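Peer 1: This is the structure I want to talk about, given as structure tokens.
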Amino acid sequence: MEIKVHDIVQFASINDIENSIAPPNWVKDAPAAKNFGVVRRMPITNKTVPIGLRGQMREQRYGAFIHESNIVRVISPVSLVNRIDEFNDRIYYSALSSMKNEFEKYNLVWGPTGSVGFEITTSIQVTTPNSDIDICLYLNQVDNGVLMNIGNFLEGLDRRIDVQVEIPELGAFLLNDYLKHSETGFIVKTKFGPHLCTMVDNQIKLGVNS
Amino acid sequence: MEKLIYSFPASKTVEQPAHVGVVGSGDLEILVEPTDENKTVVEIRTGITGFQDTWKKVIERFVSQNDVSARIRINDFGATPGVVSIRLAQAVEVSTNGTNHN
């Protein structure tokens with residue numbers, strides 16, 4: 001079973017999760033936390049997957065773990081793209097639909113994450129009219145031309161889209177940060193924490209020359 | 001929206017203003033304005049409430065390592081403490097060494 005950061009895992013009962021710190025009170029009452037968690041960016045060791053549970057409020061987030069044997073289903077953001085049309089009455093629909101049409105042309109691998117991805121996965125309403133639209137874009141390597149084109153396309157949408165670019169074996173960065181600061185310092189989030197990086201000769205380099 | 005303000009004594013002035021970071025989930029924007037008030041004043045605006053203790057620790061750690069007389073404004077979009085610390089260090093670097101890019 002391949003489990004990646006941003007994937008949503010389903011479990012039978014909240015009792016199946018493992019805690020490192022005692023869960024806050026809201027956890028037991030939150031519909032969104034009852035059967036689903038979102039995989040966090042941390043190493044998976046001893047088949048124990050780091051997940052985050054969400055409550056109704058934005059500050060209600062709880063980091064826990066679940067053993068792979070207690071995971072009933074893994075839903076990747078990429079698999080949600082085919083279900084976007086089922087949510088055509090939502091405020092985020094037109095933005096997602098535009099991206100689907102555009103990204104298809106270039107065979108880009110992507111999917112909604114954050115509250116929108118969670119809502120599409122679980123049908124539990126967790127978005128508000130003010131919710132950000134977060135997406136994840138999976139590239140095999142940093143391709144400056146592709147990233148600039150995507151940035152230009154997204155500028156033309158009526159909603160701000162937060163794009164995390166995921167690169168295998170490396171981690172992820174925010175598209176906006178990369179586009180503005182690739183030469184002066186952008187943050188790459190890895191399994192072992194965030195690092196300030198720069199692009200030198202089309203390669204990601206740790207640190208910033210000053 | 002929550003606003004937090006911290007103030008600490010400082011003695012060193014910095015060269016120039018700085019603007020680092022981005023508006024976006026899991027990140028933050030930091031603006032540094034040099035002052036001659038011998039204080040580091042940090043103002044945080046965040047949509048994610050209830051993390052005063054964590055902010056206090058991150059800011060105290062930053063101030064213990066950096067002596068800057070400046071007003072530092074932070075617009076937070078759910079950054080982790082690790083990202084906050086990197087951005088603060090980057091902001092001071094830009095403010096003192098002038099590698100500003102904005």
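Going through the structure tokens in order, the chains are called A, B, and so on, while each chain numbers its residues from 1 and the ligands are numbered from 1 in the order shown.
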For chain B versus chain A, which residues have an atom no more than 10 Å away, and what is each residue's nearest atom pair and distance in Å rounded to one decimal, using only C-alpha atoms, chain-then-number order, as a Markdown table?

Peer 2:
| residue | atom | partner | partner_atom | distance |
| --- | --- | --- | --- | --- |
| B:Val20 | CA | A:His181 | CA | 8.9 |
| B:Gly21 | CA | A:Asp177 | CA | 7.0 |
| B:Val22 | CA | A:Asp177 | CA | 5.9 |
| B:Val23 | CA | A:Asn176 | CA | 8.1 |
| B:Gly24 | CA | A:Asp162 | CA | 5.9 |
| B:Ser25 | CA | A:Asp162 | CA | 6.5 |
| B:Gly26 | CA | A:Leu174 | CA | 8.8 |
| B:Asp27 | CA | A:Leu174 | CA | 8.5 |
| B:Gly47 | CA | A:Arg58 | CA | 7.9 |
| B:Ile48 | CA | A:Glu59 | CA | 5.1 |
| B:Thr49 | CA | A:Glu59 | CA | 5.9 |
| B:Gly50 | CA | A:Glu59 | CA | 7.0 |
| B:Phe51 | CA | A:Glu59 | CA | 8.5 |
| B:Gly78 | CA | A:Glu59 | CA | 9.1 |
| B:Thr80 | CA | A:Pro194 | CA | 9.1 |
| B:Pro81 | CA | A:Pro194 | CA | 9.8 |
| B:Gly82 | CA | A:Pro194 | CA | 6.4 |
| B:Val83 | CA | A:Pro194 | CA | 6.2 |
| B:Val84 | CA | A:Pro194 | CA | 9.8 |
| B:Ser85 | CA | A:Pro194 | CA | 9.8 |
| B:Ile86 | CA | A:Leu196 | CA | 7.0 |
| B:Arg87 | CA | A:Leu196 | CA | 8.5 |
| B:Gln90 | CA | A:Gly185 | CA | 8.3 |
| B:Glu93 | CA | A:Ser210 | CA | 8.7 |
| B:Val94 | CA | A:Ser210 | CA | 9.1 |
| B:Asn97 | CA | A:Ser210 | CA | 7.8 |
| B:Gly98 | CA | A:Ser210 | CA | 8.9 |
| B:Thr99 | CA | A:Ser210 | CA | 6.7 |
| B:Asn100 | CA | A:Thr184 | CA | 8.2 |
| B:His101 | CA | A:Thr184 | CA | 6.8 |
| B:Asn102 | CA | A:Lys180 | CA | 8.8 |

Peer 1: I need the residues of stretch 3-193 of chain A that end up classed as strand (DSSP E) by DSSP on the backbone, written out as a PDB file with N, CA and C atoms, in the first residue's frame.

Peer 2:
ATOM      1  N   ILE A   8      -5.902  10.949   1.875  1.00  0.00           N
ATOM      2  CA  ILE A   8      -6.846  10.861   2.980  1.00  0.00           C
ATOM      3  C   ILE A   8      -7.041   9.385   3.299  1.00  0.00           C
ATOM      4  N   VAL A   9      -6.902   9.038   4.565  1.00  0.00           N
ATOM      5  CA  VAL A   9      -7.093   7.643   4.950  1.00  0.00           C
ATOM      6  C   VAL A   9      -8.393   7.518   5.738  1.00  0.00           C
ATOM      7  N   GLN A  10      -9.071   6.405   5.469  1.00  0.00           N
ATOM      8  CA  GLN A  10     -10.326   6.151   6.172  1.00  0.00           C
ATOM      9  C   GLN A  10     -10.090   5.036   7.178  1.00  0.00           C
ATOM     10  N   PHE A  11     -10.669   5.189   8.366  1.00  0.00           N
ATOM     11  CA  PHE A  11     -10.552   4.134   9.376  1.00  0.00           C
ATOM     12  C   PHE A  11     -11.941   3.866   9.951  1.00  0.00           C
ATOM     13  N   ILE A  17      -6.994   5.047  16.161  1.00  0.00           N
ATOM     14  CA  ILE A  17      -5.831   5.921  16.003  1.00  0.00           C
ATOM     15  C   ILE A  17      -4.908   5.821  17.217  1.00  0.00           C
ATOM     16  N   GLU A  18      -3.665   6.182  16.969  1.00  0.00           N
ATOM     17  CA  GLU A  18      -2.677   6.172  18.054  1.00  0.00           C
ATOM     18  C   GLU A  18      -2.267   7.611  18.353  1.00  0.00           C
ATOM     19  N   PHE A  36     -11.860   9.808   9.200  1.00  0.00           N
ATOM     20  CA  PHE A  36     -10.894  10.218   8.179  1.00  0.00           C
ATOM     21  C   PHE A  36      -9.740  11.030   8.770  1.00  0.00           C
ATOM     22  N   GLY A  37      -8.572  10.831   8.195  1.00  0.00           N
ATOM     23  CA  GLY A  37      -7.418  11.647   8.550  1.00  0.00           C
ATOM     24  C   GLY A  37      -6.642  11.964   7.286  1.00  0.00           C
ATOM     25  N   VAL A  38      -5.853  13.036   7.353  1.00  0.00           N
ATOM     26  CA  VAL A  38      -5.048  13.439   6.197  1.00  0.00           C
ATOM     27  C   VAL A  38      -3.584  13.147   6.522  1.00  0.00           C
ATOM     28  N   VAL A  39      -2.904  12.498   5.589  1.00  0.00           N
ATOM     29  CA  VAL A  39      -1.524  12.088   5.841  1.00  0.00           C
ATOM     30  C   VAL A  39      -0.616  13.318   5.926  1.00  0.00           C
ATOM     31  N   THR A  48       3.491   2.890  10.642  1.00  0.00           N
ATOM     32  CA  THR A  48       2.632   3.804  11.378  1.00  0.00           C
ATOM     33  C   THR A  48       2.602   5.136  10.640  1.00  0.00           C
ATOM     34  N   VAL A  49       1.408   5.508  10.224  1.00  0.00           N
ATOM     35  CA  VAL A  49       1.254   6.650   9.321  1.00  0.00           C
ATOM     36  C   VAL A  49       0.848   7.899  10.115  1.00  0.00           C
ATOM     37  N   PRO A  50       1.601   8.996   9.932  1.00  0.00           N
ATOM     38  CA  PRO A  50       1.236  10.240  10.626  1.00  0.00           C
ATOM     39  C   PRO A  50       0.030  10.890   9.944  1.00  0.00           C
ATOM     40  N   ILE A  51      -1.018  11.133  10.688  1.00  0.00           N
ATOM     41  CA  ILE A  51      -2.202  11.764  10.094  1.00  0.00           C
ATOM     42  C   ILE A  51      -2.639  12.966  10.915  1.00  0.00           C
ATOM     43  N   GLY A  52      -3.393  13.836  10.272  1.00  0.00           N
ATOM     44  CA  GLY A  52      -3.993  14.968  10.963  1.00  0.00           C
ATOM     45  C   GLY A  52      -5.501  14.825  10.929  1.00  0.00           C
ATOM     46  N   LEU A  53      -6.141  15.086  12.069  1.00  0.00           N
ATOM     47  CA  LEU A  53      -7.604  15.059  12.116  1.00  0.00           C
ATOM     48  C   LEU A  53      -8.101  16.499  12.116  1.00  0.00           C
ATOM     49  N   ARG A  54      -9.275  16.700  11.523  1.00  0.00           N
ATOM     50  CA  ARG A  54      -9.784  18.069  11.489  1.00  0.00           C
ATOM     51  C   ARG A  54     -11.141  18.187  12.149  1.00  0.00           C
ATOM     52  N   ARG A  61      -7.089  21.246  14.671  1.00  0.00           N
ATOM     53  CA  ARG A  61      -6.308  20.258  13.935  1.00  0.00           C
ATOM     54  C   ARG A  61      -5.535  19.463  14.962  1.00  0.00           C
ATOM     55  N   TYR A  62      -5.472  18.156  14.759  1.00  0.00           N
ATOM     56  CA  TYR A  62      -4.834  17.303  15.755  1.00  0.00           C
ATOM     57  C   TYR A  62      -3.962  16.265  15.066  1.00  0.00           C
ATOM     58  N   GLY A  63      -2.716  16.249  15.426  1.00  0.00           N
ATOM     59  CA  GLY A  63      -1.783  15.296  14.825  1.00  0.00           C
ATOM     60  C   GLY A  63      -1.787  13.973  15.571  1.00  0.00           C
ATOM     61  N   ALA A  64      -2.045  12.894  14.840  1.00  0.00           N
ATOM     62  CA  ALA A  64      -2.057  11.569  15.456  1.00  0.00           C
ATOM     63  C   ALA A  64      -1.372  10.584  14.503  1.00  0.00           C
ATOM     64  N   PHE A  65      -1.516   9.324  14.787  1.00  0.00           N
ATOM     65  CA  PHE A  65      -0.916   8.279  13.942  1.00  0.00           C
ATOM     66  C   PHE A  65      -1.923   7.155  13.763  1.00  0.00           C
ATOM     67  N   ILE A  66      -1.745   6.396  12.686  1.00  0.00           N
ATOM     68  CA  ILE A  66      -2.574   5.205  12.530  1.00  0.00           C
ATOM     69  C   ILE A  66      -1.726   4.093  11.913  1.00  0.00           C
ATOM     70  N   HIS A  67      -1.907   2.895  12.445  1.00  0.00           N
ATOM     71  CA  HIS A  67      -1.171   1.766  11.883  1.00  0.00           C
ATOM     72  C   HIS A  67      -1.816   1.385  10.556  1.00  0.00           C
ATOM     73  N   ILE A  71      -6.061   0.968   8.446  1.00  0.00           N
ATOM     74  CA  ILE A  71      -6.550   1.835   7.372  1.00  0.00           C
ATOM     75  C   ILE A  71      -7.447   1.019   6.442  1.00  0.00           C
ATOM     76  N   VAL A  72      -8.676   1.485   6.250  1.00  0.00           N
ATOM     77  CA  VAL A  72      -9.629   0.749   5.429  1.00  0.00           C
ATOM     78  C   VAL A  72      -9.516   1.152   3.965  1.00  0.00           C
ATOM     79  N   ARG A  73      -9.183   2.441   3.747  1.00  0.00           N
ATOM     80  CA  ARG A  73      -9.179   2.938   2.373  1.00  0.00           C
ATOM     81  C   ARG A  73      -8.232   4.134   2.301  1.00  0.00           C
ATOM     82  N   VAL A  74      -7.533   4.253   1.177  1.00  0.00           N
ATOM     83  CA  VAL A  74      -6.662   5.412   0.958  1.00  0.00           C
ATOM     84  C   VAL A  74      -7.191   6.158  -0.257  1.00  0.00           C
ATOM     85  N   ILE A  75      -7.441   7.441  -0.116  1.00  0.00           N
ATOM     86  CA  ILE A  75      -7.977   8.225  -1.221  1.00  0.00           C
ATOM     87  C   ILE A  75      -6.943   9.287  -1.575  1.00  0.00           C
ATOM     88  N   VAL A 109      -0.475  15.824 -13.490  1.00  0.00           N
ATOM     89  CA  VAL A 109      -1.029  15.029 -12.401  1.00  0.00           C
ATOM     90  C   VAL A 109      -1.267  15.962 -11.223  1.00  0.00           C
ATOM     91  N   TRP A 110      -2.512  16.079 -10.807  1.00  0.00           N
ATOM     92  CA  TRP A 110      -2.839  17.057  -9.760  1.00  0.00           C
ATOM     93  C   TRP A 110      -4.095  16.600  -9.033  1.00  0.00           C
ATOM     94  N   GLY A 111      -4.439  17.319  -7.976  1.00  0.00           N
ATOM     95  CA  GLY A 111      -5.689  17.037  -7.272  1.00  0.00           C
ATOM     96  C   GLY A 111      -5.943  18.053  -6.190  1.00  0.00           C
ATOM     97  N   PRO A 112      -7.215  18.203  -5.817  1.00  0.00           N
ATOM     98  CA  PRO A 112      -7.552  19.135  -4.736  1.00  0.00           C
ATOM     99  C   PRO A 112      -7.160  18.575  -3.368  1.00  0.00           C
ATOM    100  N   THR A 113      -6.647  19.445  -2.512  1.00  0.00           N
ATOM    101  CA  THR A 113      -6.289  19.057  -1.143  1.00  0.00           C
ATOM    102  C   THR A 113      -7.008  20.007  -0.184  1.00  0.00           C
ATOM    103  N   ILE A 133      -8.658  27.607  -1.844  1.00  0.00           N
ATOM    104  CA  ILE A 133      -8.646  26.424  -2.704  1.00  0.00           C
ATOM    105  C   ILE A 133      -7.198  25.954  -2.785  1.00  0.00           C
ATOM    106  N   ASP A 134      -6.961  24.802  -2.195  1.00  0.00           N
ATOM    107  CA  ASP A 134      -5.606  24.241  -2.200  1.00  0.00           C
ATOM    108  C   ASP A 134      -5.554  23.099  -3.202  1.00  0.00           C
ATOM    109  N   ILE A 135      -4.499  23.082  -3.986  1.00  0.00           N
ATOM    110  CA  ILE A 135      -4.302  21.916  -4.846  1.00  0.00           C
ATOM    111  C   ILE A 135      -2.851  21.456  -4.734  1.00  0.00           C
ATOM    112  N   CYS A 136      -2.650  20.236  -5.142  1.00  0.00           N
ATOM    113  CA  CYS A 136      -1.319  19.682  -5.158  1.00  0.00           C
ATOM    114  C   CYS A 136      -1.015  19.282  -6.597  1.00  0.00           C
ATOM    115  N   LEU A 137       0.188  19.594  -7.022  1.00  0.00           N
ATOM    116  CA  LEU A 137       0.600  19.288  -8.387  1.00  0.00           C
ATOM    117  C   LEU A 137       1.812  18.369  -8.279  1.00  0.00           C
ATOM    118  N   TYR A 138       1.748  17.222  -8.956  1.00  0.00           N
ATOM    119  CA  TYR A 138       2.829  16.242  -8.835  1.00  0.00           C
ATOM    120  C   TYR A 138       3.696  16.291 -10.092  1.00  0.00           C
ATOM    121  N   ILE A 161      -5.618  30.414  -5.956  1.00  0.00           N
ATOM    122  CA  ILE A 161      -5.393  28.985  -5.776  1.00  0.00           C
ATOM    123  C   ILE A 161      -4.016  28.809  -5.146  1.00  0.00           C
ATOM    124  N   ASP A 162      -3.978  28.051  -4.054  1.00  0.00           N
ATOM    125  CA  ASP A 162      -2.691  27.739  -3.426  1.00  0.00           C
ATOM    126  C   ASP A 162      -2.188  26.420  -3.974  1.00  0.00           C
ATOM    127  N   VAL A 163      -1.084  26.477  -4.679  1.00  0.00           N
ATOM    128  CA  VAL A 163      -0.555  25.263  -5.309  1.00  0.00           C
ATOM    129  C   VAL A 163       0.696  24.782  -4.588  1.00  0.00           C
ATOM    130  N   GLN A 164       0.643  23.560  -4.101  1.00  0.00           N
ATOM    131  CA  GLN A 164       1.843  22.902  -3.577  1.00  0.00           C
ATOM    132  C   GLN A 164       2.395  22.047  -4.701  1.00  0.00           C
ATOM    133  N   VAL A 165       3.644  22.225  -5.018  1.00  0.00           N
ATOM    134  CA  VAL A 165       4.264  21.404  -6.042  1.00  0.00           C
ATOM    135  C   VAL A 165       5.042  20.291  -5.336  1.00  0.00           C
ATOM    136  N   GLU A 166       4.644  19.054  -5.607  1.00  0.00           N
ATOM    137  CA  GLU A 166       5.280  17.894  -4.953  1.00  0.00           C
ATOM    138  C   GLU A 166       6.273  17.253  -5.913  1.00  0.00           C
ATOM    139  N   ILE A 167       7.494  17.088  -5.470  1.00  0.00           N
ATOM    140  CA  ILE A 167       8.519  16.442  -6.278  1.00  0.00           C
ATOM    141  C   ILE A 167       8.956  15.179  -5.527  1.00  0.00           C
ATOM    142  N   GLY A 171      10.199  16.741  -1.762  1.00  0.00           N
ATOM    143  CA  GLY A 171       9.248  17.398  -0.887  1.00  0.00           C
ATOM    144  C   GLY A 171       8.391  18.323  -1.711  1.00  0.00           C
ATOM    145  N   ALA A 172       7.974  19.418  -1.115  1.00  0.00           N
ATOM    146  CA  ALA A 172       7.046  20.296  -1.821  1.00  0.00           C
ATOM    147  C   ALA A 172       7.365  21.752  -1.554  1.00  0.00           C
ATOM    148  N   PHE A 173       6.945  22.588  -2.498  1.00  0.00           N
ATOM    149  CA  PHE A 173       7.048  24.030  -2.285  1.00  0.00           C
ATOM    150  C   PHE A 173       5.802  24.682  -2.829  1.00  0.00           C
ATOM    151  N   LEU A 174       5.564  25.918  -2.396  1.00  0.00           N
ATOM    152  CA  LEU A 174       4.413  26.656  -2.909  1.00  0.00           C
ATOM    153  C   LEU A 174       4.787  27.268  -4.255  1.00  0.00           C
ATOM    154  N   PHE A 186      13.406  30.168  -1.596  1.00  0.00           N
ATOM    155  CA  PHE A 186      12.040  29.670  -1.390  1.00  0.00           C
ATOM    156  C   PHE A 186      12.112  28.444  -0.490  1.00  0.00           C
ATOM    157  N   ILE A 187      10.981  28.137   0.141  1.00  0.00           N
ATOM    158  CA  ILE A 187      11.000  27.071   1.145  1.00  0.00           C
ATOM    159  C   ILE A 187      10.560  25.742   0.544  1.00  0.00           C
ATOM    160  N   VAL A 188      11.414  24.731   0.715  1.00  0.00           N
ATOM    161  CA  VAL A 188      11.048  23.371   0.335  1.00  0.00           C
ATOM    162  C   VAL A 188      10.737  22.612   1.620  1.00  0.00           C
ATOM    163  N   LYS A 189       9.515  22.063   1.688  1.00  0.00           N
ATOM    164  CA  LYS A 189       9.133  21.283   2.869  1.00  0.00           C
ATOM    165  C   LYS A 189       9.476  19.834   2.613  1.00  0.00           C
ATOM    166  N   THR A 190      10.310  19.275   3.468  1.00  0.00           N
ATOM    167  CA  THR A 190      10.689  17.876   3.311  1.00  0.00           C
ATOM    168  C   THR A 190      10.127  17.092   4.496  1.00  0.00           C
ATOM    169  N   GLY A 193      11.548  18.345   7.678  1.00  0.00           N
ATOM    170  CA  GLY A 193      11.420  19.756   8.018  1.00  0.00           C
ATOM    171  C   GLY A 193      11.624  20.654   6.814  1.00  0.00           C
TER     172      GLY A 193
END

Peer 1: Quick check for you: according to DSSP on this backbone, which residues of chain B are classed as alpha helix (DSSP H)? Reply as an MDAnalysis selection string.

Peer 2: chainID B and resid 52:65 81:97

Peer 1: Rank nothing, just name the residue among B:Asp76, B:Glu33, B:Glu15, B:Asp67 nearest to B:Trp55, using only C-alpha atoms.

Peer 2: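 Going through B:Asp76, B:Glu33, B:Glu15, B:Asp67 one by one, the smallest distance to B:Trp55 is for B:Asp76.
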
Peer 1: So what do you get for atom CA of A:Arg159 versus atom CA of A:Tyr92, distance-wise?

Peer 2: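 Answer for the atom CA of A:Arg159 to atom CA of A:Tyr92 separation: 8.3 Å.
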
Peer 1: So that I can see what lies close to B:Ile30, please list as a ChimeraX atom specification the residues with an atom at most 6 Å from it, counting only C-alpha atoms and leaving out residues fewer than 2 positions away in the same chain.

Peer 2: /B:19-20,73-74

Peer 1: Just all heavy atoms for this one: save the residues we selected as a PDB file, in the first residue's frame.

Peer 2:
ATOM      1  N   HIS B  19      10.971  42.396   3.008  1.00  0.00           N
ATOM      2  CA  HIS B  19       9.675  41.762   2.797  1.00  0.00           C
ATOM      3  C   HIS B  19       9.949  40.359   2.277  1.00  0.00           C
ATOM      4  O   HIS B  19      10.427  40.184   1.166  1.00  0.00           O
ATOM      5  CB  HIS B  19       8.870  42.586   1.771  1.00  0.00           C
ATOM      6  CG  HIS B  19       7.530  41.993   1.466  1.00  0.00           C
ATOM      7  ND1 HIS B  19       6.743  42.450   0.427  1.00  0.00           N
ATOM      8  CD2 HIS B  19       6.843  40.989   2.043  1.00  0.00           C
ATOM      9  CE1 HIS B  19       5.617  41.745   0.396  1.00  0.00           C
ATOM     10  NE2 HIS B  19       5.656  40.853   1.360  1.00  0.00           N
ATOM     11  N   VAL B  20       9.696  39.349   3.100  1.00  0.00           N
ATOM     12  CA  VAL B  20       9.947  37.971   2.660  1.00  0.00           C
ATOM     13  C   VAL B  20       8.692  37.117   2.851  1.00  0.00           C
ATOM     14  O   VAL B  20       7.759  37.514   3.549  1.00  0.00           O
ATOM     15  CB  VAL B  20      11.134  37.310   3.414  1.00  0.00           C
ATOM     16  CG1 VAL B  20      12.415  38.111   3.251  1.00  0.00           C
ATOM     17  CG2 VAL B  20      10.801  37.119   4.891  1.00  0.00           C
ATOM     18  N   ARG B  73       6.321  42.856  11.162  1.00  0.00           N
ATOM     19  CA  ARG B  73       4.908  42.483  11.002  1.00  0.00           C
ATOM     20  C   ARG B  73       4.805  41.140  10.297  1.00  0.00           C
ATOM     21  O   ARG B  73       5.429  40.926   9.263  1.00  0.00           O
ATOM     22  CB  ARG B  73       4.167  43.555  10.209  1.00  0.00           C
ATOM     23  CG  ARG B  73       3.803  44.756  11.091  1.00  0.00           C
ATOM     24  CD  ARG B  73       3.058  45.798  10.320  1.00  0.00           C
ATOM     25  NE  ARG B  73       3.923  46.396   9.307  1.00  0.00           N
ATOM     26  CZ  ARG B  73       3.453  47.047   8.240  1.00  0.00           C
ATOM     27  NH1 ARG B  73       2.157  47.158   8.038  1.00  0.00           N
ATOM     28  NH2 ARG B  73       4.299  47.575   7.366  1.00  0.00           N
ATOM     29  N   ILE B  74       4.001  40.269  10.883  1.00  0.00           N
ATOM     30  CA  ILE B  74       3.839  38.923  10.325  1.00  0.00           C
ATOM     31  C   ILE B  74       2.376  38.699   9.946  1.00  0.00           C
ATOM     32  O   ILE B  74       1.488  38.921  10.759  1.00  0.00           O
ATOM     33  CB  ILE B  74       4.264  37.859  11.374  1.00  0.00           C
ATOM     34  CG1 ILE B  74       5.755  38.006  11.707  1.00  0.00           C
ATOM     35  CG2 ILE B  74       3.948  36.451  10.875  1.00  0.00           C
ATOM     36  CD1 ILE B  74       6.255  37.028  12.761  1.00  0.00           C
TER      37      ILE B  74
END

Peer 1: Closest to A:Glu119 among A:Ala95, A:Ser79, A:Ile150, A:Ala32, using only C-alpha atoms?

Peer 2: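 Among A:Ala95, A:Ser79, A:Ile150, A:Ala32, it is A:Ala32 that comes nearest to A:Glu119.
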
Peer 1: Would you work out the distance separating atom CA of A:Ser94 from atom CA of A:Val5, expressed in Å to one decimal?

Peer 2: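 Going from atom CA of A:Ser94 over to atom CA of A:Val5, I get 25.8 Å.
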
Peer 1: Excluding B:Thr46 and residues on its chain fewer than 5 positions from it, collect all residues at most 8 Å away from it, counting only C-alpha atoms, and give them as a PDB file with C-alpha atoms, in the first residue's frame.

Peer 2:
ATOM      1  CA  MET B   1      -8.436  36.765  13.071  1.00  0.00           C
ATOM      2  CA  GLU B   2      -6.119  37.067  16.052  1.00  0.00           C
ATOM      3  CA  LYS B   3      -3.542  39.757  16.652  1.00  0.00           C
ATOM      4  CA  ASN B  75       0.804  37.867   8.288  1.00  0.00           C
ATOM      5  CA  ASP B  76       0.388  34.198   8.986  1.00  0.00           C
ATOM      6  CA  PHE B  77      -1.462  31.647   6.863  1.00  0.00           C
ATOM      7  CA  GLY B  78      -0.946  28.612   9.023  1.00  0.00           C
TER       8      GLY B  78
END

Peer 1: At what distance in Å, to one decimal, does atom CA of B:Leu31 lie from atom CA of A:Thr198?

Peer 2: 20.6 Å
